[in-house]
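J.: This is the content of run_19.txt (compact mmCIF, C-alpha atoms (C1' of nucleotides)):
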```txt
# COMPACT_ATOMS: atom_id res chain seq x y z
CA MET A 1 -20.90 -57.43 -51.77
CA ASN A 2 -18.40 -58.82 -54.23
CA SER A 3 -17.50 -62.37 -53.40
CA ASP A 4 -13.90 -61.86 -54.50
CA TYR A 5 -13.78 -59.93 -51.27
CA THR A 6 -14.77 -62.86 -49.12
CA LEU A 7 -12.44 -65.10 -51.11
CA ALA A 8 -9.56 -62.76 -50.42
CA ILE A 9 -10.32 -62.77 -46.71
CA HIS A 10 -10.68 -66.53 -46.73
CA SER A 11 -7.37 -66.98 -48.53
CA LEU A 12 -5.47 -64.62 -46.28
CA THR A 13 -6.87 -66.30 -43.20
CA TYR A 14 -5.83 -69.64 -44.59
CA LEU A 15 -2.32 -68.37 -45.26
CA ALA A 16 -2.17 -66.82 -41.83
CA LEU A 17 -2.66 -70.27 -40.33
CA GLN A 18 0.17 -71.73 -42.43
CA PRO A 19 2.88 -69.21 -41.66
CA ASP A 20 5.86 -71.48 -42.21
CA ARG A 21 5.11 -73.15 -45.51
CA MET A 22 3.73 -72.23 -48.87
CA SER A 23 0.13 -73.07 -49.68
CA THR A 24 -0.95 -73.93 -53.22
CA SER A 25 -3.98 -72.48 -54.95
CA ASP A 26 -5.31 -76.03 -55.03
CA ALA A 27 -5.24 -76.37 -51.27
CA ILE A 28 -6.88 -72.98 -50.73
CA SER A 29 -9.50 -73.63 -53.36
CA GLU A 30 -10.43 -76.85 -51.62
CA SER A 31 -10.91 -74.98 -48.37
CA ALA A 32 -12.96 -72.24 -49.98
CA GLY A 33 -14.97 -74.42 -52.35
CA VAL A 34 -14.12 -72.58 -55.55
CA HIS A 35 -11.97 -73.14 -58.60
CA PRO A 36 -8.17 -72.80 -58.14
CA VAL A 37 -7.91 -70.39 -61.06
CA ARG A 38 -10.13 -67.96 -59.19
CA ILE A 39 -7.90 -68.20 -56.15
CA ARG A 40 -4.87 -67.42 -58.29
CA LYS A 41 -6.62 -64.43 -59.81
CA VAL A 42 -7.62 -62.97 -56.46
CA LEU A 43 -4.25 -63.70 -54.91
CA SER A 44 -2.42 -62.08 -57.79
CA LEU A 45 -4.20 -58.86 -56.82
CA LEU A 46 -3.16 -59.23 -53.21
CA LYS A 47 0.37 -59.93 -54.31
CA LYS A 48 0.51 -56.72 -56.33
CA HIS A 49 -0.27 -54.87 -53.13
CA GLY A 50 2.44 -56.67 -51.19
CA PHE A 51 0.20 -58.58 -48.79
CA ILE A 52 1.50 -61.96 -49.91
CA LYS A 53 4.43 -63.52 -51.74
CA SER A 54 4.23 -66.25 -54.29
CA LYS A 55 6.61 -68.70 -55.83
CA GLU A 56 6.22 -70.72 -59.01
CA GLY A 57 7.41 -74.24 -59.62
CA THR A 58 7.65 -77.32 -57.46
CA GLY A 59 7.16 -76.56 -53.79
CA GLY A 60 5.81 -73.15 -54.74
CA GLY A 61 2.60 -71.47 -53.65
CA PHE A 62 1.57 -68.48 -51.58
CA LEU A 63 2.74 -67.05 -48.28
CA PHE A 64 1.58 -64.19 -46.10
CA ALA A 65 4.14 -61.40 -46.41
CA LEU A 66 3.21 -59.02 -43.59
CA ASP A 67 2.32 -59.11 -39.96
CA LEU A 68 -1.26 -60.30 -39.44
CA SER A 69 -2.24 -57.08 -37.76
CA GLU A 70 -0.94 -54.96 -40.61
CA VAL A 71 -3.74 -55.98 -42.96
CA ASN A 72 -7.29 -54.93 -42.24
CA LEU A 73 -10.57 -55.63 -43.98
CA TRP A 74 -10.83 -52.15 -45.44
CA ASP A 75 -7.48 -52.57 -47.18
CA ILE A 76 -8.76 -55.77 -48.75
CA TYR A 77 -12.08 -54.18 -49.64
CA LYS A 78 -10.39 -51.37 -51.49
CA ILE A 79 -8.39 -53.83 -53.56
CA THR A 80 -11.14 -56.25 -54.45
CA SER A 81 -14.39 -54.33 -54.31
CA GLU A 82 -13.99 -50.59 -54.25
CA GLY A 83 -17.04 -48.98 -55.80
CA ALA A 84 -19.18 -52.07 -55.26
CA LEU A 85 -21.60 -49.93 -53.28
CA GLN A 86 -22.02 -47.48 -56.11
CA PRO A 87 -25.49 -47.60 -57.61
CA LYS A 88 -25.81 -49.08 -61.05
CA CYS A 89 -27.71 -46.19 -62.53
CA PRO A 90 -29.43 -46.98 -65.81
CA GLU A 91 -29.43 -44.10 -68.24
CA SER A 92 -32.16 -41.95 -66.84
CA ASN A 93 -34.06 -39.20 -68.54
CA GLU A 94 -32.04 -36.00 -68.76
CA GLN A 95 -35.18 -34.02 -69.54
CA CYS A 96 -36.51 -34.76 -66.08
CA ILE A 97 -35.10 -32.92 -63.11
CA VAL A 98 -35.03 -36.16 -61.13
CA GLY A 99 -33.52 -38.25 -63.89
CA ALA A 100 -30.97 -35.60 -64.68
CA ASN A 101 -29.70 -35.21 -61.12
CA MET A 102 -30.33 -38.44 -59.28
CA GLN A 103 -27.17 -40.21 -60.35
CA ARG A 104 -24.93 -37.41 -59.16
CA VAL A 105 -26.73 -37.19 -55.84
CA LEU A 106 -26.72 -40.92 -55.20
CA CYS A 107 -23.09 -41.29 -56.18
CA SER A 108 -22.04 -38.78 -53.59
CA ILE A 109 -24.25 -40.27 -50.91
CA PHE A 110 -23.08 -43.82 -51.58
CA LEU A 111 -19.49 -42.71 -51.67
CA GLY A 112 -20.03 -41.40 -48.17
CA ALA A 113 -21.65 -44.68 -47.17
CA GLU A 114 -18.66 -46.61 -48.45
CA GLU A 115 -16.24 -44.42 -46.54
CA HIS A 116 -18.34 -44.80 -43.45
CA MET A 117 -18.32 -48.54 -43.76
CA GLY A 118 -14.58 -48.31 -44.30
CA GLU A 119 -14.10 -46.92 -40.84
CA TYR A 120 -15.86 -49.94 -39.43
CA LEU A 121 -13.95 -52.45 -41.55
CA MET A 122 -10.64 -50.87 -40.57
CA GLY A 123 -11.35 -52.15 -37.09
CA TYR A 124 -10.85 -55.75 -38.18
CA THR A 125 -7.39 -57.01 -39.04
CA ILE A 126 -6.60 -60.50 -40.31
CA LYS A 127 -5.28 -61.23 -36.86
CA GLU A 128 -8.72 -60.66 -35.40
CA VAL A 129 -10.39 -62.70 -38.09
CA VAL A 130 -8.00 -65.56 -37.38
CA ASP A 131 -8.81 -65.35 -33.68
CA LEU A 132 -12.54 -65.45 -34.40
CA VAL A 133 -12.11 -68.43 -36.69
CA LYS A 134 -10.08 -70.28 -34.08
CA LYS A 135 -12.71 -69.65 -31.45
CA ARG A 136 -15.02 -71.93 -33.44
CA LEU A 137 -18.03 -70.51 -31.72
CA MET B 1 -25.90 -52.54 -53.91
CA ASN B 2 -29.29 -53.68 -55.14
CA SER B 3 -30.60 -51.38 -57.83
CA ASP B 4 -34.16 -51.75 -56.57
CA TYR B 5 -32.84 -49.53 -53.82
CA THR B 6 -31.88 -46.72 -56.16
CA LEU B 7 -35.13 -47.16 -58.04
CA ALA B 8 -37.08 -46.77 -54.83
CA ILE B 9 -35.21 -43.59 -53.96
CA HIS B 10 -35.69 -42.28 -57.48
CA SER B 11 -39.41 -42.98 -57.39
CA LEU B 12 -39.95 -41.43 -53.98
CA THR B 13 -38.04 -38.35 -55.03
CA TYR B 14 -40.16 -38.12 -58.14
CA LEU B 15 -43.35 -38.41 -56.11
CA ALA B 16 -42.07 -35.87 -53.62
CA LEU B 17 -41.89 -33.34 -56.44
CA GLN B 18 -45.48 -34.06 -57.51
CA PRO B 19 -47.22 -33.70 -54.18
CA ASP B 20 -50.62 -32.71 -55.45
CA ARG B 21 -51.32 -35.22 -58.19
CA MET B 22 -50.91 -38.90 -58.78
CA SER B 23 -48.01 -40.11 -60.90
CA THR B 24 -48.31 -43.20 -63.06
CA SER B 25 -45.74 -45.97 -63.22
CA ASP B 26 -45.29 -45.02 -66.85
CA ALA B 27 -44.24 -41.49 -66.01
CA ILE B 28 -41.85 -42.63 -63.30
CA SER B 29 -40.38 -45.34 -65.49
CA GLU B 30 -39.68 -42.78 -68.16
CA SER B 31 -37.80 -40.65 -65.67
CA ALA B 32 -35.83 -43.59 -64.31
CA GLY B 33 -35.19 -45.34 -67.60
CA VAL B 34 -36.58 -48.73 -66.64
CA HIS B 35 -39.67 -50.78 -67.38
CA PRO B 36 -42.95 -49.66 -65.75
CA VAL B 37 -43.58 -53.13 -64.36
CA ARG B 38 -40.43 -52.86 -62.29
CA ILE B 39 -41.59 -49.54 -60.92
CA ARG B 40 -44.88 -51.06 -59.90
CA LYS B 41 -43.11 -53.95 -58.18
CA VAL B 42 -40.82 -51.70 -56.20
CA LEU B 43 -43.61 -49.29 -55.34
CA SER B 44 -45.87 -52.08 -54.16
CA LEU B 45 -43.22 -52.78 -51.53
CA LEU B 46 -43.12 -49.16 -50.49
CA LYS B 47 -46.89 -49.12 -50.32
CA LYS B 48 -46.96 -52.11 -47.98
CA HIS B 49 -44.84 -50.08 -45.61
CA GLY B 50 -47.10 -47.07 -45.82
CA PHE B 51 -44.70 -44.70 -47.53
CA ILE B 52 -46.97 -44.15 -50.51
CA LYS B 53 -50.60 -44.56 -51.55
CA SER B 54 -51.82 -45.89 -54.85
CA LYS B 55 -55.03 -45.84 -56.78
CA GLU B 56 -56.06 -48.04 -59.67
CA GLY B 57 -58.05 -47.01 -62.72
CA THR B 58 -58.24 -43.88 -64.80
CA GLY B 59 -56.51 -40.96 -63.14
CA GLY B 60 -54.88 -43.37 -60.74
CA GLY B 61 -51.21 -43.74 -59.87
CA PHE B 62 -48.97 -43.21 -56.87
CA LEU B 63 -48.70 -40.52 -54.24
CA PHE B 64 -46.33 -39.86 -51.36
CA ALA B 65 -48.18 -40.62 -48.12
CA LEU B 66 -45.91 -39.17 -45.44
CA ASP B 67 -43.96 -36.07 -44.71
CA LEU B 68 -40.75 -35.95 -46.74
CA SER B 69 -38.62 -35.87 -43.63
CA GLU B 70 -40.28 -38.95 -42.16
CA VAL B 71 -38.64 -41.30 -44.66
CA ASN B 72 -34.90 -41.83 -44.61
CA LEU B 73 -32.57 -43.86 -46.78
CA TRP B 74 -32.03 -46.53 -44.17
CA ASP B 75 -35.77 -47.20 -44.02
CA ILE B 76 -35.76 -47.71 -47.76
CA TYR B 77 -32.64 -49.83 -47.64
CA LYS B 78 -34.19 -52.18 -45.13
CA ILE B 79 -37.21 -52.68 -47.34
CA THR B 80 -35.48 -53.19 -50.65
CA SER B 81 -32.00 -54.50 -49.89
CA GLU B 82 -31.52 -55.75 -46.38
CA GLY B 83 -28.86 -58.43 -46.35
CA ALA B 84 -27.40 -57.28 -49.65
CA LEU B 85 -24.06 -56.81 -47.91
CA GLN B 86 -24.00 -60.37 -46.68
CA PRO B 87 -21.28 -62.41 -48.34
CA LYS B 88 -22.38 -65.05 -50.79
CA CYS B 89 -20.43 -67.86 -49.23
CA PRO B 90 -20.08 -70.90 -51.45
CA GLU B 91 -20.21 -74.18 -49.55
CA SER B 92 -16.78 -74.35 -48.07
CA ASN B 93 -14.96 -77.33 -46.72
CA GLU B 94 -16.19 -78.26 -43.25
CA GLN B 95 -13.09 -80.40 -42.70
CA CYS B 96 -10.94 -77.29 -42.77
CA ILE B 97 -10.93 -74.99 -39.77
CA VAL B 98 -11.08 -71.99 -42.09
CA GLY B 99 -13.80 -73.37 -44.32
CA ALA B 100 -15.82 -74.51 -41.35
CA ASN B 101 -15.82 -71.17 -39.56
CA MET B 102 -15.35 -68.43 -42.11
CA GLN B 103 -18.99 -68.04 -43.02
CA ARG B 104 -20.08 -67.54 -39.44
CA VAL B 105 -17.31 -65.02 -38.81
CA LEU B 106 -17.95 -63.04 -41.99
CA CYS B 107 -21.69 -63.00 -41.47
CA SER B 108 -21.31 -61.39 -38.09
CA ILE B 109 -18.75 -58.88 -39.33
CA PHE B 110 -20.83 -57.89 -42.35
CA LEU B 111 -23.93 -57.62 -40.25
CA GLY B 112 -22.05 -55.06 -38.20
CA ALA B 113 -20.96 -53.30 -41.36
CA GLU B 114 -24.54 -53.07 -42.53
CA GLU B 115 -25.68 -51.63 -39.24
CA HIS B 116 -22.86 -49.16 -39.31
CA MET B 117 -23.79 -48.03 -42.78
CA GLY B 118 -27.36 -47.78 -41.55
CA GLU B 119 -26.41 -45.07 -39.11
CA TYR B 120 -25.00 -43.07 -41.97
CA LEU B 121 -27.99 -43.61 -44.25
CA MET B 122 -30.38 -42.60 -41.51
CA GLY B 123 -28.91 -39.14 -41.86
CA TYR B 124 -30.50 -38.66 -45.26
CA THR B 125 -34.24 -38.19 -45.56
CA ILE B 126 -36.12 -37.86 -48.83
CA LYS B 127 -36.42 -34.18 -48.06
CA GLU B 128 -32.65 -33.85 -48.17
CA VAL B 129 -32.41 -35.88 -51.35
CA VAL B 130 -35.00 -33.63 -52.96
CA ASP B 131 -33.04 -30.56 -51.93
CA LEU B 132 -29.85 -32.01 -53.40
CA VAL B 133 -31.61 -32.85 -56.64
CA LYS B 134 -33.06 -29.35 -56.90
CA LYS B 135 -29.66 -27.81 -56.37
CA ARG B 136 -28.71 -29.27 -59.76
CA LEU B 137 -25.06 -28.84 -59.03
C1' DT C 1 -72.75 -50.38 -69.51
C1' DT C 2 -69.03 -50.02 -72.21
C1' DA C 3 -64.50 -48.39 -73.28
C1' DA C 4 -60.38 -46.51 -71.61
C1' DT C 5 -56.82 -46.10 -68.10
C1' DC C 6 -54.73 -47.43 -64.43
C1' DT C 7 -52.53 -50.96 -60.64
C1' DG C 8 -51.14 -55.72 -59.27
C1' DT C 9 -48.91 -59.78 -60.27
C1' DA C 10 -47.50 -64.00 -62.54
C1' DA C 11 -45.17 -66.15 -66.34
C1' DT C 12 -41.81 -66.06 -69.73
C1' DG C 13 -37.92 -64.50 -72.36
C1' DT C 14 -33.58 -61.96 -72.73
C1' DT C 15 -29.40 -59.93 -71.29
C1' DT C 16 -25.57 -59.53 -68.35
C1' DA C 17 -22.51 -60.65 -64.58
C1' DG C 18 -20.39 -64.22 -62.04
C1' DT C 19 -18.08 -68.36 -62.10
C1' DA C 20 -15.94 -72.62 -63.83
C1' DT C 21 -13.23 -74.82 -67.14
C1' DT C 22 -9.72 -75.45 -70.45
C1' DA C 23 -5.42 -74.38 -72.25
C1' DC C 24 -0.87 -73.24 -72.21
C1' DA C 25 3.39 -70.39 -71.47
C1' DG C 26 6.76 -69.50 -67.87
C1' DT C 27 9.29 -70.72 -63.54
C1' DG C 28 11.75 -73.47 -60.35
C1' DC C 29 12.99 -77.74 -58.24
C1' DA C 30 14.72 -82.59 -58.13
C1' DT D 1 14.50 -83.73 -68.49
C1' DG D 2 10.16 -84.23 -66.13
C1' DC D 3 7.15 -82.63 -62.70
C1' DA D 4 4.64 -79.22 -59.91
C1' DC D 5 3.61 -75.03 -59.44
C1' DT D 6 2.02 -69.76 -60.81
C1' DG D 7 0.08 -66.45 -64.25
C1' DT D 8 -3.17 -65.32 -67.50
C1' DA D 9 -6.14 -65.45 -71.49
C1' DA D 10 -9.93 -67.61 -73.87
C1' DT D 11 -14.03 -70.01 -73.74
C1' DA D 12 -18.13 -72.09 -71.77
C1' DC D 13 -21.60 -72.41 -68.38
C1' DT D 14 -24.88 -70.78 -64.82
C1' DA D 15 -27.47 -67.77 -62.14
C1' DA D 16 -29.19 -63.29 -61.26
C1' DA D 17 -31.05 -59.10 -63.04
C1' DC D 18 -34.07 -57.16 -65.97
C1' DA D 19 -37.53 -56.58 -69.74
C1' DT D 20 -41.55 -58.09 -71.86
C1' DT D 21 -45.97 -60.06 -72.34
C1' DA D 22 -50.26 -61.13 -70.59
C1' DC D 23 -54.20 -60.58 -68.09
C1' DA D 24 -57.35 -59.94 -63.98
C1' DG D 25 -59.29 -56.35 -61.11
C1' DA D 26 -60.31 -51.34 -59.95
C1' DT D 27 -61.84 -46.85 -61.24
C1' DT D 28 -63.41 -43.23 -64.03
C1' DA D 29 -65.83 -41.04 -67.77
C1' DA D 30 -68.58 -41.19 -72.01
```
Here is a file; write its structure as structure tokens.

T.:
Amino acid sequence: MNSDYTLAIHSLTYLALQPDRMSTSDAISESAGVHPVRIRKVLSLLKKHGFIKSKEGTGGGFLFALDLSEVNLWDIYKITSEGALQPKCPESNEQCIVGANMQRVLCSIFLGAEEHMGEYLMGYTIKEVVDLVKKRL
Amino acid sequence: MNSDYTLAIHSLTYLALQPDRMSTSDAISESAGVHPVRIRKVLSLLKKHGFIKSKEGTGGGFLFALDLSEVNLWDIYKITSEGALQPKCPESNEQCIVGANMQRVLCSIFLGAEEHMGEYLMGYTIKEVVDLVKKRL
DNA sequence: TTAATCTGTAATGTTTAGTATTACAGTGCA
DNA sequence: TGCACTGTAATACTAAACATTACAGATTAA
């Protein structure tokens, strides 16, 4: 699982808890324990998809742009990690019936697996993640 | 997705197509396009779980030990890759409510995702993979 | 009983992917 | 004008994946 994915969830959850002021990449990076540049990279993806707004300059930062229950974990997965489940198939031997066909077979199976997982992830919105985080236990 | 997983599937499929003679790690590695030592490592795992037999020495190699429909892709996943979906959470800030709780929340969500995917993978046995490979298209 | 052919596994080296760091242009505020 | 941000590219570092080497032990066949 790509860790940009977890970073994106972490960031959005952070923003969700600061609904009335902008948060800087520095503040988020301190919460997540990674470098601010990474936060900006991940958030620039989320911005492109309209989940957040950003503002440059003094007093700038990031802000959640939608309702918390409009964004679910499958949406975020698709943006940050789609295809992460796909097998990394080394060049296999085309002379061999197994080598020649395995990649195709596995790709289609793993695509199905990803879609299947998607249905599960759709069940979690940022709102629910925020609630779980608040519960502390 | 751990590529030991795809290697295990590849190897088992290969063995399934050679039911009446032993296959060497060299032959399998040539089909899969990886180093024979890796094949032996992965297959030693599968052997521990009783999916295959092996024999050392001249004329030795590996052999499928069960019926093709007794082994499904979830079984293999559990052996080679369980936990691969778990997020790699960097140490986050315990002072922050998000940092302090995110790992716990994500672990439980991703555990569910893995189980959910498991139900899908259970639907594919090696027999079905072999059939798909034979179909060639 | 010796040589050849395998597995099993540890140790080491190499490559690649992930991540951090640095640098700096552009934007907006005070 | 100076400061505090985002945005992004370039570079450097680190860790994980993978290949390679090495060799002990098992098995067969000459």

J.: Can you superpose chain B onto chain A by least squares over all C-alpha atoms paired in order and give the moved copy as a tab-separated table (two decimals) with C-alpha atoms, in the coordinates of the input?

T.:
```
chain	number	residue	atom	x	y	z
B	1	MET	CA	-20.84	-57.34	-51.83
B	2	ASN	CA	-18.35	-58.75	-54.29
B	3	SER	CA	-17.47	-62.32	-53.44
B	4	ASP	CA	-13.87	-61.82	-54.51
B	5	TYR	CA	-13.74	-59.89	-51.27
B	6	THR	CA	-14.75	-62.84	-49.14
B	7	LEU	CA	-12.43	-65.08	-51.12
B	8	ALA	CA	-9.54	-62.75	-50.42
B	9	ILE	CA	-10.30	-62.76	-46.71
B	10	HIS	CA	-10.67	-66.52	-46.74
B	11	SER	CA	-7.36	-66.99	-48.51
B	12	LEU	CA	-5.45	-64.61	-46.26
B	13	THR	CA	-6.87	-66.30	-43.20
B	14	TYR	CA	-5.83	-69.65	-44.59
B	15	LEU	CA	-2.31	-68.40	-45.25
B	16	ALA	CA	-2.16	-66.83	-41.81
B	17	LEU	CA	-2.66	-70.28	-40.32
B	18	GLN	CA	0.17	-71.76	-42.42
B	19	PRO	CA	2.90	-69.27	-41.65
B	20	ASP	CA	5.86	-71.52	-42.21
B	21	ARG	CA	5.10	-73.20	-45.51
B	22	MET	CA	3.73	-72.26	-48.87
B	23	SER	CA	0.12	-73.09	-49.68
B	24	THR	CA	-0.96	-73.94	-53.21
B	25	SER	CA	-3.99	-72.49	-54.94
B	26	ASP	CA	-5.33	-76.02	-55.03
B	27	ALA	CA	-5.27	-76.36	-51.27
B	28	ILE	CA	-6.88	-72.97	-50.73
B	29	SER	CA	-9.51	-73.61	-53.36
B	30	GLU	CA	-10.44	-76.83	-51.64
B	31	SER	CA	-10.93	-74.98	-48.38
B	32	ALA	CA	-12.97	-72.22	-50.00
B	33	GLY	CA	-14.97	-74.39	-52.36
B	34	VAL	CA	-14.13	-72.55	-55.57
B	35	HIS	CA	-11.95	-73.12	-58.61
B	36	PRO	CA	-8.17	-72.78	-58.14
B	37	VAL	CA	-7.91	-70.37	-61.05
B	38	ARG	CA	-10.11	-67.92	-59.20
B	39	ILE	CA	-7.88	-68.18	-56.16
B	40	ARG	CA	-4.86	-67.40	-58.26
B	41	LYS	CA	-6.59	-64.39	-59.79
B	42	VAL	CA	-7.59	-62.95	-56.45
B	43	LEU	CA	-4.21	-63.68	-54.90
B	44	SER	CA	-2.37	-62.06	-57.77
B	45	LEU	CA	-4.14	-58.86	-56.78
B	46	LEU	CA	-3.12	-59.25	-53.18
B	47	LYS	CA	0.43	-59.93	-54.28
B	48	LYS	CA	0.57	-56.72	-56.29
B	49	HIS	CA	-0.20	-54.88	-53.09
B	50	GLY	CA	2.48	-56.69	-51.15
B	51	PHE	CA	0.24	-58.60	-48.77
B	52	ILE	CA	1.53	-61.99	-49.88
B	53	LYS	CA	4.47	-63.56	-51.71
B	54	SER	CA	4.27	-66.30	-54.28
B	55	LYS	CA	6.64	-68.75	-55.82
B	56	GLU	CA	6.21	-70.75	-58.99
B	57	GLY	CA	7.32	-74.32	-59.60
B	58	THR	CA	7.53	-77.41	-57.46
B	59	GLY	CA	7.09	-76.63	-53.79
B	60	GLY	CA	5.81	-73.21	-54.73
B	61	GLY	CA	2.61	-71.49	-53.65
B	62	PHE	CA	1.59	-68.50	-51.57
B	63	LEU	CA	2.75	-67.08	-48.28
B	64	PHE	CA	1.61	-64.22	-46.07
B	65	ALA	CA	4.17	-61.42	-46.37
B	66	LEU	CA	3.23	-59.05	-43.55
B	67	ASP	CA	2.33	-59.14	-39.92
B	68	LEU	CA	-1.24	-60.32	-39.41
B	69	SER	CA	-2.22	-57.08	-37.74
B	70	GLU	CA	-0.90	-54.96	-40.60
B	71	VAL	CA	-3.71	-55.98	-42.95
B	72	ASN	CA	-7.27	-54.92	-42.23
B	73	LEU	CA	-10.55	-55.61	-43.98
B	74	TRP	CA	-10.81	-52.14	-45.43
B	75	ASP	CA	-7.46	-52.57	-47.17
B	76	ILE	CA	-8.75	-55.74	-48.74
B	77	TYR	CA	-12.06	-54.16	-49.63
B	78	LYS	CA	-10.35	-51.36	-51.49
B	79	ILE	CA	-8.36	-53.81	-53.55
B	80	THR	CA	-11.11	-56.23	-54.45
B	81	SER	CA	-14.38	-54.30	-54.31
B	82	GLU	CA	-13.99	-50.56	-54.24
B	83	GLY	CA	-17.03	-48.96	-55.80
B	84	ALA	CA	-19.16	-52.05	-55.30
B	85	LEU	CA	-21.60	-49.93	-53.30
B	86	GLN	CA	-22.05	-47.47	-56.12
B	87	PRO	CA	-25.53	-47.61	-57.60
B	88	LYS	CA	-25.86	-49.07	-61.06
B	89	CYS	CA	-27.78	-46.19	-62.51
B	90	PRO	CA	-29.47	-46.97	-65.80
B	91	GLU	CA	-29.47	-44.06	-68.23
B	92	SER	CA	-32.21	-41.92	-66.86
B	93	ASN	CA	-34.13	-39.19	-68.56
B	94	GLU	CA	-32.11	-35.98	-68.75
B	95	GLN	CA	-35.27	-34.01	-69.54
B	96	CYS	CA	-36.59	-34.77	-66.08
B	97	ILE	CA	-35.16	-32.93	-63.11
B	98	VAL	CA	-35.09	-36.18	-61.15
B	99	GLY	CA	-33.58	-38.26	-63.91
B	100	ALA	CA	-31.03	-35.59	-64.69
B	101	ASN	CA	-29.74	-35.23	-61.14
B	102	MET	CA	-30.37	-38.46	-59.29
B	103	GLN	CA	-27.21	-40.21	-60.36
B	104	ARG	CA	-24.97	-37.41	-59.18
B	105	VAL	CA	-26.78	-37.19	-55.85
B	106	LEU	CA	-26.75	-40.93	-55.22
B	107	CYS	CA	-23.13	-41.29	-56.20
B	108	SER	CA	-22.07	-38.76	-53.62
B	109	ILE	CA	-24.27	-40.27	-50.93
B	110	PHE	CA	-23.08	-43.81	-51.59
B	111	LEU	CA	-19.50	-42.69	-51.70
B	112	GLY	CA	-20.03	-41.40	-48.19
B	113	ALA	CA	-21.64	-44.67	-47.20
B	114	GLU	CA	-18.65	-46.59	-48.47
B	115	GLU	CA	-16.25	-44.41	-46.55
B	116	HIS	CA	-18.34	-44.79	-43.46
B	117	MET	CA	-18.32	-48.54	-43.77
B	118	GLY	CA	-14.58	-48.30	-44.30
B	119	GLU	CA	-14.10	-46.91	-40.83
B	120	TYR	CA	-15.86	-49.93	-39.44
B	121	LEU	CA	-13.93	-52.43	-41.55
B	122	MET	CA	-10.64	-50.86	-40.57
B	123	GLY	CA	-11.35	-52.16	-37.10
B	124	TYR	CA	-10.85	-55.74	-38.18
B	125	THR	CA	-7.38	-57.00	-39.03
B	126	ILE	CA	-6.59	-60.48	-40.30
B	127	LYS	CA	-5.27	-61.23	-36.85
B	128	GLU	CA	-8.72	-60.64	-35.40
B	129	VAL	CA	-10.38	-62.69	-38.10
B	130	VAL	CA	-8.00	-65.55	-37.37
B	131	ASP	CA	-8.81	-65.34	-33.68
B	132	LEU	CA	-12.54	-65.43	-34.43
B	133	VAL	CA	-12.11	-68.42	-36.71
B	134	LYS	CA	-10.09	-70.28	-34.09
B	135	LYS	CA	-12.73	-69.65	-31.47
B	136	ARG	CA	-14.99	-71.95	-33.50
B	137	LEU	CA	-18.04	-70.66	-31.75
```

J.: Considering all atoms listed in the file, return as a PyMOL selection string whatever protein or nucleic-acid residues lie within 9 Å of stretch 121-125 of chain B, sequence-local ones (same chain, fewer than 2 positions apart) excluded.

T.: (chain A and resi 109-110+113) or (chain B and resi 68-75+77+117-119+127-130)

J.: So that I can check the surroundings of C:DA4, please list as a ChimeraX atom specification every protein, DNA and RNA residue that reaches within 10 Å of it, counting all atoms listed in the file and ignoring chain neighbours fewer than 3 positions away.

T.: /B:57-58 /D:28-30

J.: Could you give me, as a ChimeraX atom specification, the residues within 12 Å of C:DA11, counting all atoms listed in the file and dropping anything in the same chain fewer than 2 positions from it?

T.: /C:9,13 /D:20-23

J.: Compute the set of chain B residues within 9 Å of chain D, using only C-alpha atoms (C1' of nucleotides), and express it as a ChimeraX atom specification.

T.: /B:34-35,37-38,55-60

J.: Taking into account only C-alpha atoms, which residue in the set B:Gly83, B:Gly61, B:Gly50, B:Pro36 is nearest to chain A?

T.: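 Nearest to chain A: B:Gly83.
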
J.: Report, in Å with one decimal, the straight-line distance from atom CA of B:Tyr5 to atom CA of A:His10.

T.: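 Rounded to one decimal, the two atoms are 28.8 Å apart.
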
J.: Using all atoms listed in the file, what table do you get, as JSON lines, when you list each residue of chain C with an atom no more than 8 Å from chain B, its nearest pair of atoms, and their distance in Å rounded to one decimal, rows by chain then rising number?

T.:
```
{"residue": "C:DA4", "atom": "C1'", "partner": "B:Thr58", "partner_atom": "CA", "distance": 7.6}
{"residue": "C:DT5", "atom": "C1'", "partner": "B:Thr58", "partner_atom": "CA", "distance": 4.2}
{"residue": "C:DC6", "atom": "C1'", "partner": "B:Gly57", "partner_atom": "CA", "distance": 3.8}
{"residue": "C:DT7", "atom": "C1'", "partner": "B:Glu56", "partner_atom": "CA", "distance": 4.7}
{"residue": "C:DG8", "atom": "C1'", "partner": "B:Arg40", "partner_atom": "CA", "distance": 7.8}
```

J.: Counting all atoms listed in the file, a student should be able to say which residues of chain B come within 6 Å of chain A; what is the right answer, written as a list in words?

T.: Met1, Ser31, Ala32, Gly33, Leu85, Glu91, Ser92, Asn93, Gly99, Asn101, Ala113, Met117 and Val133 of chain B

J.: So that I have them on file, write out the residues from the current selection with C-alpha atoms, as a PDB file, in the frame of the given file.

T.:
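Wrote out_35.pdb, looks like this:
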```pdb
ATOM      1  CA  MET B   1     -25.900 -52.540 -53.910  1.00  0.00           C
ATOM      2  CA  SER B  31     -37.800 -40.650 -65.670  1.00  0.00           C
ATOM      3  CA  ALA B  32     -35.830 -43.590 -64.310  1.00  0.00           C
ATOM      4  CA  GLY B  33     -35.190 -45.340 -67.600  1.00  0.00           C
ATOM      5  CA  LEU B  85     -24.060 -56.810 -47.910  1.00  0.00           C
ATOM      6  CA  GLU B  91     -20.210 -74.180 -49.550  1.00  0.00           C
ATOM      7  CA  SER B  92     -16.780 -74.350 -48.070  1.00  0.00           C
ATOM      8  CA  ASN B  93     -14.960 -77.330 -46.720  1.00  0.00           C
ATOM      9  CA  GLY B  99     -13.800 -73.370 -44.320  1.00  0.00           C
ATOM     10  CA  ASN B 101     -15.820 -71.170 -39.560  1.00  0.00           C
ATOM     11  CA  ALA B 113     -20.960 -53.300 -41.360  1.00  0.00           C
ATOM     12  CA  MET B 117     -23.790 -48.030 -42.780  1.00  0.00           C
ATOM     13  CA  VAL B 133     -31.610 -32.850 -56.640  1.00  0.00           C
TER      14      VAL B 133
END
```
